[in-house]
Amino acid sequence: MQTNNLKASLPLYLSLSLILSSLSITFASTNGAAHSFTSQKADEMALSQALEMKTTPMDLEMGLAYSKTEACKQEFEAAVADGKRAIDEALKTAKHGQAFAVVSDIDETVLDNRQYLEDKAKKVTTGQSDVDWGKFENWAIEARAKPLEPTVRLLAYARSKKVAVFFVTGRMEKLRKPTIENLLRADIAYDGLYLRPDGDKRHASEYKSQVRKSIEDMGFTIALNIGDQCSDLSGGHAMDCEKLPNRMYYIP
Ligand SMILES: [Mg+2]
């Protein structure tokens with residue numbers, strides 16, 4: 001992995017202690033209140049959302065409008081605050097030598113692609129607007145997505161507590177260089193960056209949960225998994241999950 005931009009290296013303690021009995025997931029609701037769910041419930045919610053999306057696609061323009069509201073800001077910040085509590089709680093339970101990690105998604109989690117989405121929103125035949133993903137690669141290569149500050153601060157907090165930060169993104173491996181460049185430009189430090197193999201067609205939930213398992217296999221306990229899609233979170237392999245708001249698009 002090319003992570004020359006690491007600002008610090010994390011001591012690698014290889015004592016693995018999985019805390020499977022306390023798996024939970026928290027979704028912030030639209031009014032900012034947070035609710036906790038079991039990991040199984042998270043999977044059920046992901047399935048339910050997938051089924052709902054088949055009949056009621058998201059509307060990009062309405063999602064963009066919501067993303068600029070105070071309600072969305074509060075929803076985002078409530079999930080981040082819950083994430084910080086999850087990290088603190090995990091550290092309280094730490095056994096000697098136990099290494100913790102945070103797994104984070106990238107797009108709409110730490111990098112804000114709304115400039116691309118504003119430009120590329122297009123009408124579809126159903127009358128709803130949808131994302132044109134065809135030019136996303138060109139946008140990503142420009143490496144100029146702005147940071148989403150609440151999550152950036154959360155990840156910096158985690159690293160200050162010697163909790164490793166691993167990005168697990170649905171971006172393809174061919175976008176590694178501009179992704180590193182964008183993260184560096186946004187002043188976001190991390191300990192590992194997993195991109196999807198070029199041409200990989202698996203659902204994000206399958207790919208991402210397998211990566212989380214490999215992180216556990218390296219010896220880390222994943223204290224927190226955070227992302228804007230249910231598919232970032234379903235499939236277990238994290239003590240706590242936080243769902244950030246995104247009504248602009250849906251990724252299975
Ligand atoms: Mg995302």
# chains A, B, ... in the order shown; residues from 1 in each chain; ligands from 1
>>> closest_atom_pairs(of="range 99-189 of chain A", to="range 66-79 of chain A", cutoff="12 Å", atoms="only C-alpha atoms", output="JSON lines")
{"residue": "A:Glu108", "atom": "CA", "partner": "A:Ser67", "partner_atom": "CA", "distance": 10.4}
{"residue": "A:Thr109", "atom": "CA", "partner": "A:Phe76", "partner_atom": "CA", "distance": 9.4}
{"residue": "A:Val110", "atom": "CA", "partner": "A:Phe76", "partner_atom": "CA", "distance": 11.3}
{"residue": "A:Asp112", "atom": "CA", "partner": "A:Ser67", "partner_atom": "CA", "distance": 10.6}
{"residue": "A:Asn113", "atom": "CA", "partner": "A:Ser67", "partner_atom": "CA", "distance": 11.5}
{"residue": "A:Arg114", "atom": "CA", "partner": "A:Ser67", "partner_atom": "CA", "distance": 9.0}
{"residue": "A:Leu117", "atom": "CA", "partner": "A:Ser67", "partner_atom": "CA", "distance": 11.6}
{"residue": "A:Glu118", "atom": "CA", "partner": "A:Ser67", "partner_atom": "CA", "distance": 11.5}
{"residue": "A:Leu148", "atom": "CA", "partner": "A:Phe76", "partner_atom": "CA", "distance": 9.8}
{"residue": "A:Glu149", "atom": "CA", "partner": "A:Glu77", "partner_atom": "CA", "distance": 9.8}
{"residue": "A:Pro150", "atom": "CA", "partner": "A:Glu77", "partner_atom": "CA", "distance": 6.5}
{"residue": "A:Thr151", "atom": "CA", "partner": "A:Glu77", "partner_atom": "CA", "distance": 8.4}
{"residue": "A:Val152", "atom": "CA", "partner": "A:Glu77", "partner_atom": "CA", "distance": 11.6}
{"residue": "A:Arg153", "atom": "CA", "partner": "A:Glu77", "partner_atom": "CA", "distance": 11.0}
{"residue": "A:Leu154", "atom": "CA", "partner": "A:Glu77", "partner_atom": "CA", "distance": 10.2}
>>> residues_near_ligand(ligand="ligand 1", cutoff="7 Å", atoms="only C-alpha atoms and all ligand atoms", output="PDB file with C-alpha atoms, in the first residue's frame")
ATOM      1  CA  ASP A 105     -15.827   5.413   4.004  1.00  0.00           C
ATOM      2  CA  ILE A 106     -14.523   8.310   1.872  1.00  0.00           C
ATOM      3  CA  ASP A 107     -17.132   9.821  -0.456  1.00  0.00           C
ATOM      4  CA  GLU A 108     -19.798  11.861   1.359  1.00  0.00           C
ATOM      5  CA  THR A 109     -18.164  10.701   4.592  1.00  0.00           C
ATOM      6  CA  GLY A 227     -20.201   5.832   6.339  1.00  0.00           C
ATOM      7  CA  ASP A 228     -23.066   7.465   4.456  1.00  0.00           C
ATOM      8  CA  GLN A 229     -24.527   4.251   2.975  1.00  0.00           C
TER       9      GLN A 229
END
>>> residues_around(residues="range 212-225 of chain A", least_positions_apart="3", cutoff="6 Å", atoms="only C-alpha atoms", output="VMD selection string")
chain A and resid 14 to 16 87 90 99 to 104 209 237 to 241
>>> write_last_selection(atoms="N, CA and C atoms", output="PDB file, in the first residue's frame")
ATOM      1  N   LEU A  14      -0.359  -6.810  18.352  1.00  0.00           N
ATOM      2  CA  LEU A  14      -1.043  -7.913  17.689  1.00  0.00           C
ATOM      3  C   LEU A  14      -1.829  -8.800  18.644  1.00  0.00           C
ATOM      4  N   SER A  15      -2.459  -8.170  19.584  1.00  0.00           N
ATOM      5  CA  SER A  15      -3.328  -8.938  20.467  1.00  0.00           C
ATOM      6  C   SER A  15      -4.761  -8.741  19.996  1.00  0.00           C
ATOM      7  N   LEU A  16      -5.379  -9.827  19.573  1.00  0.00           N
ATOM      8  CA  LEU A  16      -6.732  -9.713  19.011  1.00  0.00           C
ATOM      9  C   LEU A  16      -7.765 -10.150  20.028  1.00  0.00           C
ATOM     10  N   ILE A  87     -15.845   5.354  20.250  1.00  0.00           N
ATOM     11  CA  ILE A  87     -14.388   5.199  20.372  1.00  0.00           C
ATOM     12  C   ILE A  87     -13.987   5.234  21.850  1.00  0.00           C
ATOM     13  N   ALA A  90     -14.996   2.079  23.640  1.00  0.00           N
ATOM     14  CA  ALA A  90     -14.134   0.949  23.272  1.00  0.00           C
ATOM     15  C   ALA A  90     -12.806   1.035  24.022  1.00  0.00           C
ATOM     16  N   ALA A  99      -5.256  -3.468  20.084  1.00  0.00           N
ATOM     17  CA  ALA A  99      -5.178  -2.408  19.073  1.00  0.00           C
ATOM     18  C   ALA A  99      -6.565  -2.147  18.497  1.00  0.00           C
ATOM     19  N   PHE A 100      -6.953  -0.881  18.512  1.00  0.00           N
ATOM     20  CA  PHE A 100      -8.265  -0.503  17.981  1.00  0.00           C
ATOM     21  C   PHE A 100      -8.110   0.219  16.648  1.00  0.00           C
ATOM     22  N   ALA A 101      -9.185   0.163  15.875  1.00  0.00           N
ATOM     23  CA  ALA A 101      -9.205   0.865  14.586  1.00  0.00           C
ATOM     24  C   ALA A 101     -10.575   1.479  14.351  1.00  0.00           C
ATOM     25  N   VAL A 102     -10.567   2.513  13.529  1.00  0.00           N
ATOM     26  CA  VAL A 102     -11.806   3.062  12.971  1.00  0.00           C
ATOM     27  C   VAL A 102     -11.768   2.783  11.480  1.00  0.00           C
ATOM     28  N   VAL A 103     -12.884   2.300  10.940  1.00  0.00           N
ATOM     29  CA  VAL A 103     -13.018   2.136   9.489  1.00  0.00           C
ATOM     30  C   VAL A 103     -13.943   3.236   8.992  1.00  0.00           C
ATOM     31  N   SER A 104     -13.505   3.925   7.962  1.00  0.00           N
ATOM     32  CA  SER A 104     -14.314   5.025   7.417  1.00  0.00           C
ATOM     33  C   SER A 104     -14.435   4.901   5.910  1.00  0.00           C
ATOM     34  N   SER A 209     -17.290  -5.519   3.870  1.00  0.00           N
ATOM     35  CA  SER A 209     -17.255  -6.367   5.073  1.00  0.00           C
ATOM     36  C   SER A 209     -16.072  -7.336   5.016  1.00  0.00           C
ATOM     37  N   HIS A 237     -18.474  -7.049  11.689  1.00  0.00           N
ATOM     38  CA  HIS A 237     -17.052  -6.710  11.813  1.00  0.00           C
ATOM     39  C   HIS A 237     -16.830  -5.261  12.257  1.00  0.00           C
ATOM     40  N   ALA A 238     -17.575  -4.843  13.266  1.00  0.00           N
ATOM     41  CA  ALA A 238     -17.336  -3.548  13.918  1.00  0.00           C
ATOM     42  C   ALA A 238     -18.139  -3.546  15.217  1.00  0.00           C
ATOM     43  N   MET A 239     -17.573  -2.898  16.257  1.00  0.00           N
ATOM     44  CA  MET A 239     -18.299  -2.821  17.527  1.00  0.00           C
ATOM     45  C   MET A 239     -19.479  -1.869  17.430  1.00  0.00           C
ATOM     46  N   ASP A 240     -19.307  -0.778  16.679  1.00  0.00           N
ATOM     47  CA  ASP A 240     -20.354   0.229  16.557  1.00  0.00           C
ATOM     48  C   ASP A 240     -20.320   0.789  15.136  1.00  0.00           C
ATOM     49  N   CYS A 241     -21.478   1.138  14.616  1.00  0.00           N
ATOM     50  CA  CYS A 241     -21.562   1.731  13.279  1.00  0.00           C
ATOM     51  C   CYS A 241     -22.320   3.037  13.339  1.00  0.00           C
TER      52      CYS A 241
END
>>> residues_around(residues="range 166-180 of chain A", least_positions_apart="4", cutoff="9 Å", atoms="only C-alpha atoms", output="number ranges by chain")
A: 2-3, 5, 101-107, 137, 140-143, 184-185, 190-200, 204, 207-208, 211-212, 215, 232
>>> write_last_selection(atoms="N, CA and C atoms", output="mmCIF file, in the first residue's frame")
data_model
loop_
_atom_site.group_PDB
_atom_site.id
_atom_site.type_symbol
_atom_site.label_atom_id
_atom_site.label_comp_id
_atom_site.auth_asym_id
_atom_site.auth_seq_id
_atom_site.Cartn_x
_atom_site.Cartn_y
_atom_site.Cartn_z
ATOM 1 N N GLN A 2 0.605 2.181 -0.883
ATOM 2 C CA GLN A 2 1.398 3.404 -0.950
ATOM 3 C C GLN A 2 0.797 4.441 -0.015
ATOM 4 N N THR A 3 1.325 4.550 1.163
ATOM 5 C CA THR A 3 0.789 5.533 2.098
ATOM 6 C C THR A 3 1.932 6.418 2.575
ATOM 7 N N ASN A 5 2.065 9.420 2.679
ATOM 8 C CA ASN A 5 1.630 10.637 3.352
ATOM 9 C C ASN A 5 1.234 10.397 4.801
ATOM 10 N N ALA A 101 -9.185 0.163 15.875
ATOM 11 C CA ALA A 101 -9.205 0.865 14.586
ATOM 12 C C ALA A 101 -10.575 1.479 14.351
ATOM 13 N N VAL A 102 -10.567 2.513 13.529
ATOM 14 C CA VAL A 102 -11.806 3.062 12.971
ATOM 15 C C VAL A 102 -11.768 2.783 11.480
ATOM 16 N N VAL A 103 -12.884 2.300 10.940
ATOM 17 C CA VAL A 103 -13.018 2.136 9.489
ATOM 18 C C VAL A 103 -13.943 3.236 8.992
ATOM 19 N N SER A 104 -13.505 3.925 7.962
ATOM 20 C CA SER A 104 -14.314 5.025 7.417
ATOM 21 C C SER A 104 -14.435 4.901 5.910
ATOM 22 N N ASP A 105 -15.606 5.227 5.435
ATOM 23 C CA ASP A 105 -15.827 5.413 4.004
ATOM 24 C C ASP A 105 -15.186 6.761 3.596
ATOM 25 N N ILE A 106 -15.103 7.036 2.317
ATOM 26 C CA ILE A 106 -14.523 8.310 1.872
ATOM 27 C C ILE A 106 -15.589 9.267 1.323
ATOM 28 N N ASP A 107 -16.258 8.870 0.231
ATOM 29 C CA ASP A 107 -17.132 9.821 -0.456
ATOM 30 C C ASP A 107 -18.407 10.101 0.336
ATOM 31 N N GLU A 137 -15.092 9.550 -12.425
ATOM 32 C CA GLU A 137 -13.646 9.295 -12.452
ATOM 33 C C GLU A 137 -12.872 10.574 -12.798
ATOM 34 N N ALA A 140 -12.874 12.731 -9.756
ATOM 35 C CA ALA A 140 -11.995 12.199 -8.699
ATOM 36 C C ALA A 140 -10.522 12.475 -9.028
ATOM 37 N N ILE A 141 -10.189 12.405 -10.315
ATOM 38 C CA ILE A 141 -8.799 12.645 -10.736
ATOM 39 C C ILE A 141 -8.377 14.093 -10.445
ATOM 40 N N GLU A 142 -9.353 14.983 -10.438
ATOM 41 C CA GLU A 142 -9.025 16.382 -10.127
ATOM 42 C C GLU A 142 -8.633 16.559 -8.656
ATOM 43 N N ALA A 143 -9.037 15.620 -7.792
ATOM 44 C CA ALA A 143 -8.611 15.587 -6.378
ATOM 45 C C ALA A 143 -8.916 16.874 -5.629
ATOM 46 N N LEU A 184 -4.654 14.180 1.144
ATOM 47 C CA LEU A 184 -3.524 14.989 1.607
ATOM 48 C C LEU A 184 -3.872 16.472 1.530
ATOM 49 N N ARG A 185 -4.470 16.859 0.412
ATOM 50 C CA ARG A 185 -4.864 18.258 0.215
ATOM 51 C C ARG A 185 -5.881 18.690 1.276
ATOM 52 N N TYR A 190 -4.190 9.152 7.860
ATOM 53 C CA TYR A 190 -4.784 7.827 8.012
ATOM 54 C C TYR A 190 -3.671 6.789 8.051
ATOM 55 N N ASP A 191 -4.053 5.561 8.310
ATOM 56 C CA ASP A 191 -3.063 4.489 8.443
ATOM 57 C C ASP A 191 -3.153 3.436 7.356
ATOM 58 N N GLY A 192 -4.234 3.427 6.623
ATOM 59 C CA GLY A 192 -4.375 2.466 5.526
ATOM 60 C C GLY A 192 -5.492 2.892 4.597
ATOM 61 N N LEU A 193 -5.341 2.558 3.325
ATOM 62 C CA LEU A 193 -6.336 2.954 2.320
ATOM 63 C C LEU A 193 -6.645 1.746 1.446
ATOM 64 N N TYR A 194 -7.867 1.255 1.558
ATOM 65 C CA TYR A 194 -8.304 0.113 0.758
ATOM 66 C C TYR A 194 -9.234 0.610 -0.346
ATOM 67 N N LEU A 195 -8.857 0.345 -1.580
ATOM 68 C CA LEU A 195 -9.717 0.661 -2.718
ATOM 69 C C LEU A 195 -10.187 -0.643 -3.340
ATOM 70 N N ARG A 196 -11.324 -0.556 -4.019
ATOM 71 C CA ARG A 196 -11.903 -1.736 -4.654
ATOM 72 C C ARG A 196 -11.040 -2.147 -5.853
ATOM 73 N N PRO A 197 -10.746 -3.434 -6.014
ATOM 74 C CA PRO A 197 -9.956 -3.857 -7.185
ATOM 75 C C PRO A 197 -10.640 -3.414 -8.478
ATOM 76 N N ASP A 198 -9.838 -2.963 -9.444
ATOM 77 C CA ASP A 198 -10.403 -2.528 -10.727
ATOM 78 C C ASP A 198 -11.276 -3.637 -11.311
ATOM 79 N N GLY A 199 -12.466 -3.270 -11.738
ATOM 80 C CA GLY A 199 -13.357 -4.235 -12.368
ATOM 81 C C GLY A 199 -14.190 -5.050 -11.397
ATOM 82 N N ASP A 200 -13.966 -4.863 -10.096
ATOM 83 C CA ASP A 200 -14.718 -5.613 -9.079
ATOM 84 C C ASP A 200 -16.201 -5.250 -9.167
ATOM 85 N N ALA A 204 -21.077 -3.269 -2.647
ATOM 86 C CA ALA A 204 -20.189 -2.600 -1.687
ATOM 87 C C ALA A 204 -20.226 -3.297 -0.330
ATOM 88 N N TYR A 207 -17.906 -6.423 -0.458
ATOM 89 C CA TYR A 207 -16.491 -6.039 -0.542
ATOM 90 C C TYR A 207 -16.017 -5.415 0.770
ATOM 91 N N LYS A 208 -16.823 -4.490 1.295
ATOM 92 C CA LYS A 208 -16.372 -3.739 2.473
ATOM 93 C C LYS A 208 -16.322 -4.614 3.731
ATOM 94 N N VAL A 211 -13.169 -6.621 3.655
ATOM 95 C CA VAL A 211 -11.978 -5.831 4.024
ATOM 96 C C VAL A 211 -11.925 -5.652 5.544
ATOM 97 N N ARG A 212 -13.086 -5.387 6.141
ATOM 98 C CA ARG A 212 -13.084 -5.222 7.608
ATOM 99 C C ARG A 212 -12.604 -6.503 8.287
ATOM 100 N N ILE A 215 -8.942 -6.594 8.212
ATOM 101 C CA ILE A 215 -8.361 -5.669 9.197
ATOM 102 C C ILE A 215 -8.375 -6.332 10.581
ATOM 103 N N ASP A 232 -22.111 0.539 3.552
ATOM 104 C CA ASP A 232 -20.819 0.737 4.226
ATOM 105 C C ASP A 232 -20.792 -0.020 5.544
#
>>> closest_residue(among="A:Asn182, A:Ser205, A:Asn138, A:Ser129", to="Tyr249 in chain A", atoms="only C-alpha atoms")
A:Ser129
>>> closest_residue(among="A:Val163, A:Leu244, A:Val131, A:Leu233", to="Val80 in chain A", atoms="only C-alpha atoms")
A:Leu244
>>> closest_residue(among="A:Ala158, A:Ile226, A:Lys146, A:Met58", to="Glu242 in chain A", atoms="only C-alpha atoms")
A:Ile226
>>> select_by_dssp(residues="range 71-238 of chain A", states="helix (DSSP H, G or I)", output="short mmCIF file (atom, residue, chain, number, x, y, z; two decimals) with C-alpha atoms, in the first residue's frame")
data_model
loop_
_atom_site.label_atom_id
_atom_site.label_comp_id
_atom_site.auth_asym_id
_atom_site.auth_seq_id
_atom_site.Cartn_x
_atom_site.Cartn_y
_atom_site.Cartn_z
CA ALA A 71 -31.50 19.32 9.91
CA CYS A 72 -28.93 17.53 7.77
CA LYS A 73 -26.06 19.29 9.53
CA GLN A 74 -27.48 18.23 12.90
CA GLU A 75 -28.02 14.67 11.70
CA PHE A 76 -24.43 14.50 10.48
CA GLU A 77 -23.00 15.96 13.69
CA ALA A 78 -25.13 13.70 15.91
CA ALA A 79 -23.77 10.61 14.16
CA VAL A 80 -20.20 11.90 14.48
CA ALA A 81 -20.72 12.65 18.20
CA ASP A 82 -22.03 9.10 18.68
CA GLY A 83 -18.96 7.84 16.85
CA LYS A 84 -16.68 9.66 19.25
CA ARG A 85 -18.55 8.16 22.20
CA ALA A 86 -18.15 4.71 20.63
CA ILE A 87 -14.39 5.20 20.37
CA ASP A 88 -14.19 6.36 23.99
CA GLU A 89 -16.30 3.43 25.19
CA ALA A 90 -14.13 0.95 23.27
CA LEU A 91 -10.96 2.41 24.76
CA LYS A 92 -12.43 2.05 28.26
CA ARG A 114 -21.46 17.99 -4.07
CA GLN A 115 -19.67 20.22 -6.55
CA TYR A 116 -19.63 17.26 -8.95
CA LEU A 117 -23.18 16.25 -8.06
CA GLU A 118 -24.48 19.81 -8.59
CA ASP A 119 -22.88 19.90 -12.04
CA LYS A 120 -23.79 16.41 -13.12
CA TRP A 133 -21.65 8.45 -12.53
CA GLY A 134 -20.01 8.31 -15.96
CA LYS A 135 -17.79 11.29 -15.30
CA PHE A 136 -17.10 10.65 -11.62
CA GLU A 137 -13.65 9.29 -12.45
CA ASN A 138 -12.72 12.57 -14.16
CA TRP A 139 -13.89 14.49 -11.10
CA ALA A 140 -12.00 12.20 -8.70
CA ILE A 141 -8.80 12.64 -10.74
CA GLU A 142 -9.03 16.38 -10.13
CA GLU A 149 -14.97 18.73 8.79
CA PRO A 150 -16.92 16.89 11.53
CA THR A 151 -15.72 13.48 10.34
CA VAL A 152 -12.21 14.78 9.63
CA ARG A 153 -12.01 15.96 13.26
CA LEU A 154 -13.37 12.61 14.46
CA LEU A 155 -10.68 10.67 12.59
CA ALA A 156 -7.97 13.02 13.87
CA TYR A 157 -9.31 12.44 17.40
CA ALA A 158 -9.13 8.68 16.88
CA ARG A 159 -5.50 8.87 15.77
CA SER A 160 -4.66 11.14 18.73
CA GLU A 173 -7.78 0.96 -7.33
CA LYS A 174 -6.96 3.04 -10.44
CA LEU A 175 -8.03 6.10 -8.44
CA ARG A 176 -5.50 5.48 -5.65
CA LYS A 177 -3.10 8.29 -6.59
CA PRO A 178 -5.68 11.10 -6.91
CA THR A 179 -7.50 9.79 -3.82
CA ILE A 180 -4.29 10.05 -1.77
CA GLU A 181 -3.69 13.48 -3.27
CA ASN A 182 -7.20 14.64 -2.33
CA LEU A 183 -6.90 13.30 1.23
CA LEU A 184 -3.52 14.99 1.61
CA ARG A 185 -4.86 18.26 0.22
CA ALA A 204 -20.19 -2.60 -1.69
CA SER A 205 -21.54 -4.36 1.41
CA GLU A 206 -19.81 -7.63 0.45
CA TYR A 207 -16.49 -6.04 -0.54
CA LYS A 208 -16.37 -3.74 2.47
CA SER A 209 -17.25 -6.37 5.07
CA GLN A 210 -14.53 -8.64 3.68
CA VAL A 211 -11.98 -5.83 4.02
CA ARG A 212 -13.08 -5.22 7.61
CA LYS A 213 -12.55 -8.91 8.34
CA SER A 214 -9.02 -8.66 6.93
CA ILE A 215 -8.36 -5.67 9.20
CA GLU A 216 -9.53 -7.76 12.16
CA ASP A 217 -7.28 -10.58 10.96
CA CYS A 230 -26.08 1.23 4.72
CA SER A 231 -23.82 -0.85 2.47
CA ASP A 232 -20.82 0.74 4.23
CA LEU A 233 -22.08 -0.67 7.50
#
>>> closest_residue(among="A:Ile188, A:Leu64, A:Ala94, A:Val165", to="Pro245 in chain A", atoms="only C-alpha atoms")
A:Leu64
>>> atom_distance(atom1="CA of Lys161 in chain A", atom2="CA of Thr93 in chain A")
13.9 Å
>>> decode(residues="range 205-242 of chain A", atoms="C-alpha atoms", output="PDB file, in the first residue's frame")
ATOM      1  CA  SER A 205     -21.536  -4.364   1.408  1.00  0.00           C
ATOM      2  CA  GLU A 206     -19.811  -7.634   0.447  1.00  0.00           C
ATOM      3  CA  TYR A 207     -16.491  -6.039  -0.542  1.00  0.00           C
ATOM      4  CA  LYS A 208     -16.372  -3.739   2.473  1.00  0.00           C
ATOM      5  CA  SER A 209     -17.255  -6.367   5.073  1.00  0.00           C
ATOM      6  CA  GLN A 210     -14.528  -8.641   3.682  1.00  0.00           C
ATOM      7  CA  VAL A 211     -11.978  -5.831   4.024  1.00  0.00           C
ATOM      8  CA  ARG A 212     -13.084  -5.222   7.608  1.00  0.00           C
ATOM      9  CA  LYS A 213     -12.551  -8.910   8.344  1.00  0.00           C
ATOM     10  CA  SER A 214      -9.017  -8.664   6.929  1.00  0.00           C
ATOM     11  CA  ILE A 215      -8.361  -5.669   9.197  1.00  0.00           C
ATOM     12  CA  GLU A 216      -9.525  -7.759  12.155  1.00  0.00           C
ATOM     13  CA  ASP A 217      -7.281 -10.578  10.956  1.00  0.00           C
ATOM     14  CA  MET A 218      -4.314  -8.172  11.168  1.00  0.00           C
ATOM     15  CA  GLY A 219      -5.042  -7.869  14.886  1.00  0.00           C
ATOM     16  CA  PHE A 220      -7.307  -4.835  15.172  1.00  0.00           C
ATOM     17  CA  THR A 221     -10.616  -4.483  16.951  1.00  0.00           C
ATOM     18  CA  ILE A 222     -12.799  -2.158  14.878  1.00  0.00           C
ATOM     19  CA  ALA A 223     -14.270   0.217  17.447  1.00  0.00           C
ATOM     20  CA  LEU A 224     -16.247   2.188  14.887  1.00  0.00           C
ATOM     21  CA  ASN A 225     -17.337   1.888  11.274  1.00  0.00           C
ATOM     22  CA  ILE A 226     -18.692   5.095   9.743  1.00  0.00           C
ATOM     23  CA  GLY A 227     -20.201   5.832   6.339  1.00  0.00           C
ATOM     24  CA  ASP A 228     -23.066   7.465   4.456  1.00  0.00           C
ATOM     25  CA  GLN A 229     -24.527   4.251   2.975  1.00  0.00           C
ATOM     26  CA  CYS A 230     -26.079   1.234   4.717  1.00  0.00           C
ATOM     27  CA  SER A 231     -23.820  -0.851   2.469  1.00  0.00           C
ATOM     28  CA  ASP A 232     -20.819   0.737   4.226  1.00  0.00           C
ATOM     29  CA  LEU A 233     -22.077  -0.667   7.500  1.00  0.00           C
ATOM     30  CA  SER A 234     -23.866  -3.954   6.960  1.00  0.00           C
ATOM     31  CA  GLY A 235     -22.105  -7.287   7.317  1.00  0.00           C
ATOM     32  CA  GLY A 236     -20.748  -6.911  10.848  1.00  0.00           C
ATOM     33  CA  HIS A 237     -17.052  -6.710  11.813  1.00  0.00           C
ATOM     34  CA  ALA A 238     -17.336  -3.548  13.918  1.00  0.00           C
ATOM     35  CA  MET A 239     -18.299  -2.821  17.527  1.00  0.00           C
ATOM     36  CA  ASP A 240     -20.354   0.229  16.557  1.00  0.00           C
ATOM     37  CA  CYS A 241     -21.562   1.731  13.279  1.00  0.00           C
ATOM     38  CA  GLU A 242     -22.622   5.258  12.444  1.00  0.00           C
TER      39      GLU A 242
END
